[in-house]
$ cat final-v3.txt   # compact mmCIF, C-alpha atoms and all ligand atoms
# COMPACT_ATOMS: atom_id res chain seq x y z
CA MET A 1 12.30 19.84 -3.20
CA SER A 2 11.62 19.77 0.52
CA GLU A 3 14.27 20.75 2.94
CA ILE A 4 14.80 18.58 6.03
CA THR A 5 14.78 20.82 9.04
CA ARG A 6 16.38 19.84 12.30
CA ARG A 7 12.94 19.72 13.91
CA ASN A 8 11.47 17.38 11.24
CA PHE A 9 14.51 15.16 11.35
CA PHE A 10 14.09 14.47 15.08
CA LYS A 11 10.32 14.12 14.72
CA ALA A 12 10.74 11.42 12.06
CA GLY A 13 13.39 9.71 14.16
CA GLY A 14 11.03 9.52 17.12
CA LEU A 15 8.29 7.90 15.03
CA ALA A 16 10.72 5.35 13.62
CA THR A 17 11.94 4.50 17.10
CA ALA A 18 8.39 4.01 18.34
CA ALA A 19 7.58 1.76 15.36
CA VAL A 20 10.56 -0.47 16.14
CA ALA A 21 10.12 -0.43 19.91
CA ALA A 22 6.45 -1.47 19.94
CA PRO A 23 6.92 -5.02 18.58
CA ILE A 24 10.02 -5.55 20.75
CA ALA A 25 8.08 -4.59 23.85
CA GLY A 26 5.42 -7.13 22.85
CA LEU A 27 8.00 -9.96 22.96
CA ASN A 28 8.11 -9.89 26.71
CA ALA A 29 4.41 -9.54 27.23
CA SER A 30 3.40 -13.18 27.65
CA PRO A 31 3.78 -13.54 31.45
CA ALA A 32 1.46 -11.73 33.77
CA ALA A 33 2.41 -8.08 33.61
CA ALA A 34 1.26 -5.28 35.83
CA SER A 35 1.78 -1.67 34.85
CA THR A 36 2.56 1.01 37.33
CA ASP A 37 3.07 4.68 36.57
CA THR A 38 6.77 4.23 35.96
CA LYS A 39 7.44 0.61 35.07
CA THR A 40 6.04 -2.76 34.07
CA ILE A 41 6.56 -5.63 36.48
CA PHE A 42 6.59 -9.16 35.09
CA GLU A 43 5.63 -11.99 37.37
CA PHE A 44 6.67 -15.60 36.96
CA ALA A 45 3.92 -18.17 36.81
CA LYS A 46 3.88 -20.53 39.79
CA LYS A 47 4.39 -24.19 38.95
CA LYS A 48 4.14 -27.10 41.38
CA ILE A 49 7.24 -29.24 40.93
CA SER A 50 6.98 -31.91 43.59
CA ASN A 51 6.00 -32.80 47.12
CA ALA A 52 8.66 -32.94 49.84
CA GLN A 53 7.24 -36.19 51.25
CA SER A 54 7.51 -38.12 47.98
CA LEU A 55 10.53 -36.45 46.42
CA GLY A 56 13.45 -38.67 45.38
CA ASN A 57 17.05 -37.51 45.14
CA THR A 58 16.47 -35.43 42.01
CA GLN A 59 13.63 -34.49 39.71
CA ALA A 60 13.89 -32.99 36.22
CA PHE A 61 11.40 -30.35 35.17
CA THR A 62 11.14 -27.27 32.95
CA TYR A 63 10.66 -23.69 34.10
CA PRO A 64 9.60 -20.98 33.41
CA ASP A 65 8.69 -22.57 30.06
CA SER A 66 9.16 -25.86 28.22
CA MET A 67 12.41 -24.64 26.60
CA SER A 68 14.20 -24.32 29.93
CA PRO A 69 15.41 -27.62 31.49
CA CYS A 70 15.92 -27.59 35.27
CA LEU A 71 16.73 -30.00 38.05
CA LEU A 72 15.34 -30.18 41.57
CA ILE A 73 17.79 -31.62 44.10
CA ASN A 74 16.87 -33.10 47.46
CA HIS A 75 20.16 -32.79 49.36
CA ASP A 76 20.90 -34.89 52.45
CA GLU A 77 21.66 -31.82 54.52
CA PRO A 78 20.58 -28.17 54.66
CA VAL A 79 22.12 -26.04 51.89
CA GLU A 80 22.26 -22.37 50.92
CA GLY A 81 18.85 -21.24 49.77
CA GLY A 82 17.29 -24.62 50.51
CA VAL A 83 13.56 -24.98 51.18
CA GLY A 84 11.49 -27.77 52.69
CA PRO A 85 11.31 -29.18 56.21
CA ASN A 86 15.11 -29.54 56.30
CA ASN A 87 16.05 -26.56 54.10
CA ASN A 88 17.69 -28.99 51.72
CA ILE A 89 15.69 -28.69 48.48
CA VAL A 90 17.07 -26.50 45.69
CA ALA A 91 16.68 -26.24 41.93
CA TYR A 92 18.70 -24.87 39.03
CA SER A 93 18.56 -24.31 35.31
CA THR A 94 20.73 -27.05 33.82
CA LEU A 95 21.99 -25.04 30.83
CA CYS A 96 25.62 -24.08 31.23
CA THR A 97 26.07 -20.33 31.49
CA HIS A 98 29.18 -20.41 29.29
CA MET A 99 27.70 -21.44 25.94
CA GLY A 100 24.49 -23.23 26.82
CA CYS A 101 25.50 -26.89 26.76
CA PRO A 102 23.40 -29.18 28.96
CA THR A 103 25.10 -29.91 32.27
CA GLN A 104 24.94 -33.23 34.12
CA TYR A 105 24.42 -33.47 37.85
CA ASP A 106 26.98 -35.57 39.73
CA SER A 107 25.23 -36.67 42.94
CA ASN A 108 28.46 -37.96 44.49
CA GLU A 109 30.28 -34.66 44.20
CA LYS A 110 27.09 -32.57 44.38
CA VAL A 111 28.06 -30.49 41.38
CA PHE A 112 26.81 -29.85 37.86
CA LYS A 113 29.41 -30.69 35.22
CA CYS A 114 29.51 -29.31 31.71
CA HIS A 115 31.33 -31.59 29.29
CA CYS A 116 31.67 -28.98 26.54
CA HIS A 117 34.44 -26.94 28.19
CA PHE A 118 34.51 -28.51 31.65
CA SER A 119 32.84 -25.91 33.82
CA VAL A 120 31.68 -27.15 37.21
CA PHE A 121 28.93 -25.57 39.34
CA ASP A 122 28.41 -26.19 43.05
CA ALA A 123 24.87 -27.41 43.77
CA GLU A 124 25.31 -26.84 47.50
CA LYS A 125 26.40 -23.22 47.10
CA SER A 126 23.68 -21.59 45.01
CA GLY A 127 25.03 -22.92 41.70
CA GLN A 128 28.32 -21.05 42.10
CA VAL A 129 30.99 -21.58 39.42
CA ALA A 130 33.68 -23.80 40.94
CA ILE A 131 35.96 -24.12 37.93
CA GLY A 132 35.98 -23.71 34.15
CA GLN A 133 35.09 -21.30 31.37
CA ALA A 134 31.77 -20.10 32.78
CA ILE A 135 31.80 -16.82 34.66
CA ASP A 136 28.15 -16.78 35.76
CA ASN A 137 26.59 -19.10 38.32
CA LEU A 138 23.85 -21.48 37.25
CA PRO A 139 20.49 -19.68 37.44
CA ARG A 140 18.69 -20.67 40.61
CA ILE A 141 15.02 -21.59 40.43
CA LEU A 142 13.30 -19.91 43.36
CA LEU A 143 11.13 -22.34 45.28
CA ASP A 144 8.27 -22.00 47.68
CA TYR A 145 7.53 -24.71 50.24
CA ASP A 146 4.02 -25.14 51.66
CA GLU A 147 4.24 -26.65 55.14
CA SER A 148 0.61 -27.72 55.18
CA THR A 149 0.72 -29.75 51.95
CA GLY A 150 4.44 -30.39 51.47
CA ASN A 151 4.22 -28.99 47.94
CA VAL A 152 7.33 -27.48 46.40
CA THR A 153 6.49 -24.81 43.85
CA ALA A 154 8.71 -22.88 41.44
CA VAL A 155 8.00 -19.17 41.73
CA GLY A 156 10.85 -17.42 39.94
CA VAL A 157 14.36 -17.48 38.49
CA GLU A 158 17.44 -15.78 39.92
CA GLY A 159 20.04 -15.22 37.21
CA LEU A 160 19.69 -15.20 33.45
CA ILE A 161 19.02 -18.48 31.66
CA TYR A 162 21.61 -19.03 28.91
CA GLY A 163 20.82 -17.50 25.52
CA ARG A 164 18.11 -15.15 26.72
CA GLN A 165 17.87 -11.43 27.06
CA ALA A 166 15.14 -12.01 29.63
CA ASN A 167 13.92 -15.15 31.35
CA PHE A 168 10.53 -14.75 29.71
CA ILE A 169 10.01 -15.74 26.09
CA GLU A 170 6.87 -15.63 24.00
CA LEU A 171 5.64 -19.17 23.25
S1 LIG B 1 29.33 -24.57 27.41
FE1 LIG B 1 29.74 -25.28 29.41
S2 LIG B 1 31.78 -24.80 29.76
FE2 LIG B 1 31.42 -24.10 27.77
$ encode --input "final-v3.txt" --output "structure tokens"
Amino acid sequence: MSEITRRNFFKAGGLATAAVAAPIAGLNASPAAASTDTKTIFEFAKKKISNAQSLGNTQAFTYPDSMSPCLLINHDEPVEGGVGPNNNIVAYSTLCTHMGCPTQYDSNEKVFKCHCHFSVFDAEKSGQVAIGQAIDNLPRILLDYDESTGNVTAVGVEGLIYGRQANFIEL
């Protein structure tokens, strides 16, 4: 009968941890990843969403993948974090941060409303929770505006999309 020494116990534990950790690490590997000596940096893919010259009041799209519904809003006036010639274009994930219900944009009040438990998010103030059960703001889709072409491109996400441990998922 073999005796488990303290040294062998920790050695076996380390191997088991590595075996479990390797597949988990692979889950987040689909976006472009760059390794440095100390950490791995994931980069969002860039996705053209619209053109400022032809943009209507709103435009639905998905980002950073097809499972993540978002809405681009072309406000009448400049807003916090807005891009474009008038700093008025913003975009958000439309999944409520409370329990993931789809929110609806109310263009009159300029807020996103969740009809599951009545949270309201301010589309003019970076998706801030105005009222309700949610405690986190709506994730903001980071946009880049190209002055020469008028293109509006999604380049990242600020805040965690509901139901995810990271904004990247393997498709
Ligand atoms: S899921 Fe939106 S308030 Fe609960």
$ atom_distance --input "final-v3.txt" --atom1 "CA of Thr97 in chain A" --atom2 "CA of Arg140 in chain A"
11.7 Å
$ residues_near_ligand --input "final-v3.txt" --ligand "ligand LIG 1 (chain B)" --cutoff "12 Å" --atoms "all atoms listed in the file" --output "JSON list (two decimals) with C-alpha atoms, in the frame of the given file"
[["chain", "number", "residue", "atom", "x", "y", "z"],
["A", 94, "THR", "CA", 20.73, -27.05, 33.82],
["A", 95, "LEU", "CA", 21.99, -25.04, 30.83],
["A", 96, "CYS", "CA", 25.62, -24.08, 31.23],
["A", 97, "THR", "CA", 26.07, -20.33, 31.49],
["A", 98, "HIS", "CA", 29.18, -20.41, 29.29],
["A", 99, "MET", "CA", 27.70, -21.44, 25.94],
["A", 100, "GLY", "CA", 24.49, -23.23, 26.82],
["A", 101, "CYS", "CA", 25.50, -26.89, 26.76],
["A", 102, "PRO", "CA", 23.40, -29.18, 28.96],
["A", 103, "THR", "CA", 25.10, -29.91, 32.27],
["A", 104, "GLN", "CA", 24.94, -33.23, 34.12],
["A", 112, "PHE", "CA", 26.81, -29.85, 37.86],
["A", 113, "LYS", "CA", 29.41, -30.69, 35.22],
["A", 114, "CYS", "CA", 29.51, -29.31, 31.71],
["A", 115, "HIS", "CA", 31.33, -31.59, 29.29],
["A", 116, "CYS", "CA", 31.67, -28.98, 26.54],
["A", 117, "HIS", "CA", 34.44, -26.94, 28.19],
["A", 118, "PHE", "CA", 34.51, -28.51, 31.65],
["A", 119, "SER", "CA", 32.84, -25.91, 33.82],
["A", 120, "VAL", "CA", 31.68, -27.15, 37.21],
["A", 121, "PHE", "CA", 28.93, -25.57, 39.34],
["A", 129, "VAL", "CA", 30.99, -21.58, 39.42],
["A", 130, "ALA", "CA", 33.68, -23.80, 40.94],
["A", 131, "ILE", "CA", 35.96, -24.12, 37.93],
["A", 132, "GLY", "CA", 35.98, -23.71, 34.15],
["A", 133, "GLN", "CA", 35.09, -21.30, 31.37],
["A", 134, "ALA", "CA", 31.77, -20.10, 32.78],
["A", 135, "ILE", "CA", 31.80, -16.82, 34.66],
["A", 136, "ASP", "CA", 28.15, -16.78, 35.76],
["A", 137, "ASN", "CA", 26.59, -19.10, 38.32],
["A", 138, "LEU", "CA", 23.85, -21.48, 37.25],
["A", 162, "TYR", "CA", 21.61, -19.03, 28.91],
["A", 163, "GLY", "CA", 20.82, -17.50, 25.52]]
$ closest_residue --input "final-v3.txt" --among "A:Gln59, A:Asn87, A:Thr38, A:Ser54" --to "Tyr105 in chain A" --atoms "only C-alpha atoms"
A:Gln59
$ closest_residue --input "final-v3.txt" --among "A:Met67, A:Val79, A:Ile73, A:Ile161" --to "Ile49 in chain A" --atoms "only C-alpha atoms"
A:Ile73
$ residues_around --input "final-v3.txt" --residues "Lys48 in chain A" --least-positions-apart "3" --cutoff "12 Å" --atoms "only C-alpha atoms" --output "tab-separated table (two decimals) with C-alpha atoms, in the coordinates of the input"
chain	number	residue	atom	x	y	z
A	45	ALA	CA	3.92	-18.17	36.81
A	51	ASN	CA	6.00	-32.80	47.12
A	52	ALA	CA	8.66	-32.94	49.84
A	61	PHE	CA	11.40	-30.35	35.17
A	62	THR	CA	11.14	-27.27	32.95
A	63	TYR	CA	10.66	-23.69	34.10
A	64	PRO	CA	9.60	-20.98	33.41
A	72	LEU	CA	15.34	-30.18	41.57
A	142	LEU	CA	13.30	-19.91	43.36
A	143	LEU	CA	11.13	-22.34	45.28
A	144	ASP	CA	8.27	-22.00	47.68
A	145	TYR	CA	7.53	-24.71	50.24
A	146	ASP	CA	4.02	-25.14	51.66
A	149	THR	CA	0.72	-29.75	51.95
A	150	GLY	CA	4.44	-30.39	51.47
A	151	ASN	CA	4.22	-28.99	47.94
A	152	VAL	CA	7.33	-27.48	46.40
A	153	THR	CA	6.49	-24.81	43.85
A	154	ALA	CA	8.71	-22.88	41.44
A	155	VAL	CA	8.00	-19.17	41.73
A	156	GLY	CA	10.85	-17.42	39.94
$ atom_distance --input "final-v3.txt" --atom1 "CA of Phe44 in chain A" --atom2 "CA of Val157 in chain A"
8.1 Å
$ atom_distance --input "final-v3.txt" --atom1 "CA of Asp106 in chain A" --atom2 "CA of Lys46 in chain A"
27.6 Å
$ axis_aligned_box --input "final-v3.txt" --around "range 84-102 of chain A" --padding-each-side "6 Å" --output "lines of an AutoDock Vina configuration file"
center_x = 20.2
center_y = -24.9
center_z = 41.1
size_x = 29.9
size_y = 21.2
size_z = 42.4
$ decode --input "final-v3.txt" --residues "range 72-85 of chain A" --atoms "all heavy atoms" --output "PDB file, in the first residue's frame"
ATOM      1  N   LEU A  72     -27.828  51.214 -31.787  1.00  0.00           N
ATOM      2  CA  LEU A  72     -27.125  52.474 -32.039  1.00  0.00           C
ATOM      3  C   LEU A  72     -28.171  53.587 -32.015  1.00  0.00           C
ATOM      4  O   LEU A  72     -29.242  53.449 -32.599  1.00  0.00           O
ATOM      5  CB  LEU A  72     -26.469  52.404 -33.417  1.00  0.00           C
ATOM      6  CG  LEU A  72     -25.510  53.515 -33.806  1.00  0.00           C
ATOM      7  CD1 LEU A  72     -24.172  53.301 -33.123  1.00  0.00           C
ATOM      8  CD2 LEU A  72     -25.315  53.539 -35.315  1.00  0.00           C
ATOM      9  N   ILE A  73     -27.862  54.672 -31.317  1.00  0.00           N
ATOM     10  CA  ILE A  73     -28.817  55.781 -31.212  1.00  0.00           C
ATOM     11  C   ILE A  73     -28.168  57.054 -31.724  1.00  0.00           C
ATOM     12  O   ILE A  73     -27.054  57.408 -31.323  1.00  0.00           O
ATOM     13  CB  ILE A  73     -29.260  55.993 -29.751  1.00  0.00           C
ATOM     14  CG1 ILE A  73     -29.854  54.698 -29.182  1.00  0.00           C
ATOM     15  CG2 ILE A  73     -30.281  57.116 -29.663  1.00  0.00           C
ATOM     16  CD1 ILE A  73     -30.058  54.735 -27.692  1.00  0.00           C
ATOM     17  N   ASN A  74     -28.901  57.729 -32.603  1.00  0.00           N
ATOM     18  CA  ASN A  74     -28.454  58.993 -33.175  1.00  0.00           C
ATOM     19  C   ASN A  74     -29.234  60.114 -32.477  1.00  0.00           C
ATOM     20  O   ASN A  74     -30.299  60.510 -32.919  1.00  0.00           O
ATOM     21  CB  ASN A  74     -28.740  58.957 -34.686  1.00  0.00           C
ATOM     22  CG  ASN A  74     -28.201  60.151 -35.413  1.00  0.00           C
ATOM     23  OD1 ASN A  74     -27.379  60.903 -34.893  1.00  0.00           O
ATOM     24  ND2 ASN A  74     -28.665  60.335 -36.642  1.00  0.00           N
ATOM     25  N   HIS A  75     -28.712  60.576 -31.340  1.00  0.00           N
ATOM     26  CA  HIS A  75     -29.420  61.603 -30.567  1.00  0.00           C
ATOM     27  C   HIS A  75     -29.458  62.932 -31.328  1.00  0.00           C
ATOM     28  O   HIS A  75     -28.630  63.190 -32.209  1.00  0.00           O
ATOM     29  CB  HIS A  75     -28.717  61.823 -29.224  1.00  0.00           C
ATOM     30  CG  HIS A  75     -28.963  60.727 -28.231  1.00  0.00           C
ATOM     31  ND1 HIS A  75     -30.175  60.520 -27.620  1.00  0.00           N
ATOM     32  CD2 HIS A  75     -28.128  59.780 -27.727  1.00  0.00           C
ATOM     33  CE1 HIS A  75     -30.085  59.489 -26.787  1.00  0.00           C
ATOM     34  NE2 HIS A  75     -28.855  59.016 -26.836  1.00  0.00           N
ATOM     35  N   ASP A  76     -30.408  63.789 -30.934  1.00  0.00           N
ATOM     36  CA  ASP A  76     -30.526  65.115 -31.557  1.00  0.00           C
ATOM     37  C   ASP A  76     -29.422  66.055 -31.114  1.00  0.00           C
ATOM     38  O   ASP A  76     -29.076  66.993 -31.816  1.00  0.00           O
ATOM     39  CB  ASP A  76     -31.879  65.751 -31.187  1.00  0.00           C
ATOM     40  CG  ASP A  76     -33.034  64.942 -31.721  1.00  0.00           C
ATOM     41  OD1 ASP A  76     -32.848  64.249 -32.744  1.00  0.00           O
ATOM     42  OD2 ASP A  76     -34.121  64.979 -31.105  1.00  0.00           O
ATOM     43  N   GLU A  77     -28.897  65.800 -29.915  1.00  0.00           N
ATOM     44  CA  GLU A  77     -27.904  66.704 -29.336  1.00  0.00           C
ATOM     45  C   GLU A  77     -26.707  65.901 -28.834  1.00  0.00           C
ATOM     46  O   GLU A  77     -26.811  64.688 -28.639  1.00  0.00           O
ATOM     47  CB  GLU A  77     -28.525  67.481 -28.172  1.00  0.00           C
ATOM     48  CG  GLU A  77     -29.666  68.367 -28.628  1.00  0.00           C
ATOM     49  CD  GLU A  77     -30.300  69.115 -27.475  1.00  0.00           C
ATOM     50  OE1 GLU A  77     -29.924  68.868 -26.312  1.00  0.00           O
ATOM     51  OE2 GLU A  77     -31.174  69.940 -27.756  1.00  0.00           O
ATOM     52  N   PRO A  78     -25.596  66.575 -28.588  1.00  0.00           N
ATOM     53  CA  PRO A  78     -24.425  65.871 -28.039  1.00  0.00           C
ATOM     54  C   PRO A  78     -24.765  65.187 -26.716  1.00  0.00           C
ATOM     55  O   PRO A  78     -25.536  65.724 -25.923  1.00  0.00           O
ATOM     56  CB  PRO A  78     -23.412  67.000 -27.806  1.00  0.00           C
ATOM     57  CG  PRO A  78     -23.833  68.094 -28.717  1.00  0.00           C
ATOM     58  CD  PRO A  78     -25.325  67.997 -28.822  1.00  0.00           C
ATOM     59  N   VAL A  79     -24.200  64.001 -26.502  1.00  0.00           N
ATOM     60  CA  VAL A  79     -24.438  63.259 -25.255  1.00  0.00           C
ATOM     61  C   VAL A  79     -23.111  62.712 -24.731  1.00  0.00           C
ATOM     62  O   VAL A  79     -22.119  62.646 -25.465  1.00  0.00           O
ATOM     63  CB  VAL A  79     -25.428  62.087 -25.465  1.00  0.00           C
ATOM     64  CG1 VAL A  79     -26.827  62.603 -25.756  1.00  0.00           C
ATOM     65  CG2 VAL A  79     -24.946  61.156 -26.567  1.00  0.00           C
ATOM     66  N   GLU A  80     -23.132  62.294 -23.474  1.00  0.00           N
ATOM     67  CA  GLU A  80     -21.942  61.699 -22.854  1.00  0.00           C
ATOM     68  C   GLU A  80     -21.422  60.550 -23.699  1.00  0.00           C
ATOM     69  O   GLU A  80     -22.177  59.647 -24.037  1.00  0.00           O
ATOM     70  CB  GLU A  80     -22.314  61.116 -21.480  1.00  0.00           C
ATOM     71  CG  GLU A  80     -22.270  62.079 -20.352  1.00  0.00           C
ATOM     72  CD  GLU A  80     -22.649  61.403 -19.027  1.00  0.00           C
ATOM     73  OE1 GLU A  80     -22.523  60.165 -18.912  1.00  0.00           O
ATOM     74  OE2 GLU A  80     -23.082  62.137 -18.142  1.00  0.00           O
ATOM     75  N   GLY A  81     -20.161  60.593 -24.047  1.00  0.00           N
ATOM     76  CA  GLY A  81     -19.547  59.501 -24.783  1.00  0.00           C
ATOM     77  C   GLY A  81     -19.949  59.429 -26.236  1.00  0.00           C
ATOM     78  O   GLY A  81     -19.627  58.449 -26.918  1.00  0.00           O
ATOM     79  N   GLY A  82     -20.658  60.445 -26.729  1.00  0.00           N
ATOM     80  CA  GLY A  82     -21.122  60.415 -28.112  1.00  0.00           C
ATOM     81  C   GLY A  82     -19.992  60.603 -29.119  1.00  0.00           C
ATOM     82  O   GLY A  82     -19.019  61.311 -28.858  1.00  0.00           O
ATOM     83  N   VAL A  83     -20.136  59.970 -30.276  1.00  0.00           N
ATOM     84  CA  VAL A  83     -19.165  60.139 -31.372  1.00  0.00           C
ATOM     85  C   VAL A  83     -19.907  60.715 -32.573  1.00  0.00           C
ATOM     86  O   VAL A  83     -21.121  60.918 -32.536  1.00  0.00           O
ATOM     87  CB  VAL A  83     -18.475  58.803 -31.753  1.00  0.00           C
ATOM     88  CG1 VAL A  83     -17.781  58.190 -30.560  1.00  0.00           C
ATOM     89  CG2 VAL A  83     -19.490  57.838 -32.363  1.00  0.00           C
ATOM     90  N   GLY A  84     -19.170  60.969 -33.631  1.00  0.00           N
ATOM     91  CA  GLY A  84     -19.762  61.535 -34.839  1.00  0.00           C
ATOM     92  C   GLY A  84     -19.521  63.018 -34.910  1.00  0.00           C
ATOM     93  O   GLY A  84     -18.974  63.613 -33.970  1.00  0.00           O
ATOM     94  N   PRO A  85     -19.954  63.659 -36.007  1.00  0.00           N
ATOM     95  CA  PRO A  85     -19.694  65.089 -36.195  1.00  0.00           C
ATOM     96  C   PRO A  85     -20.305  65.949 -35.092  1.00  0.00           C
ATOM     97  O   PRO A  85     -19.799  67.030 -34.800  1.00  0.00           O
ATOM     98  CB  PRO A  85     -20.335  65.398 -37.555  1.00  0.00           C
ATOM     99  CG  PRO A  85     -21.163  64.224 -37.909  1.00  0.00           C
ATOM    100  CD  PRO A  85     -20.672  63.059 -37.131  1.00  0.00           C
TER     101      PRO A  85
END
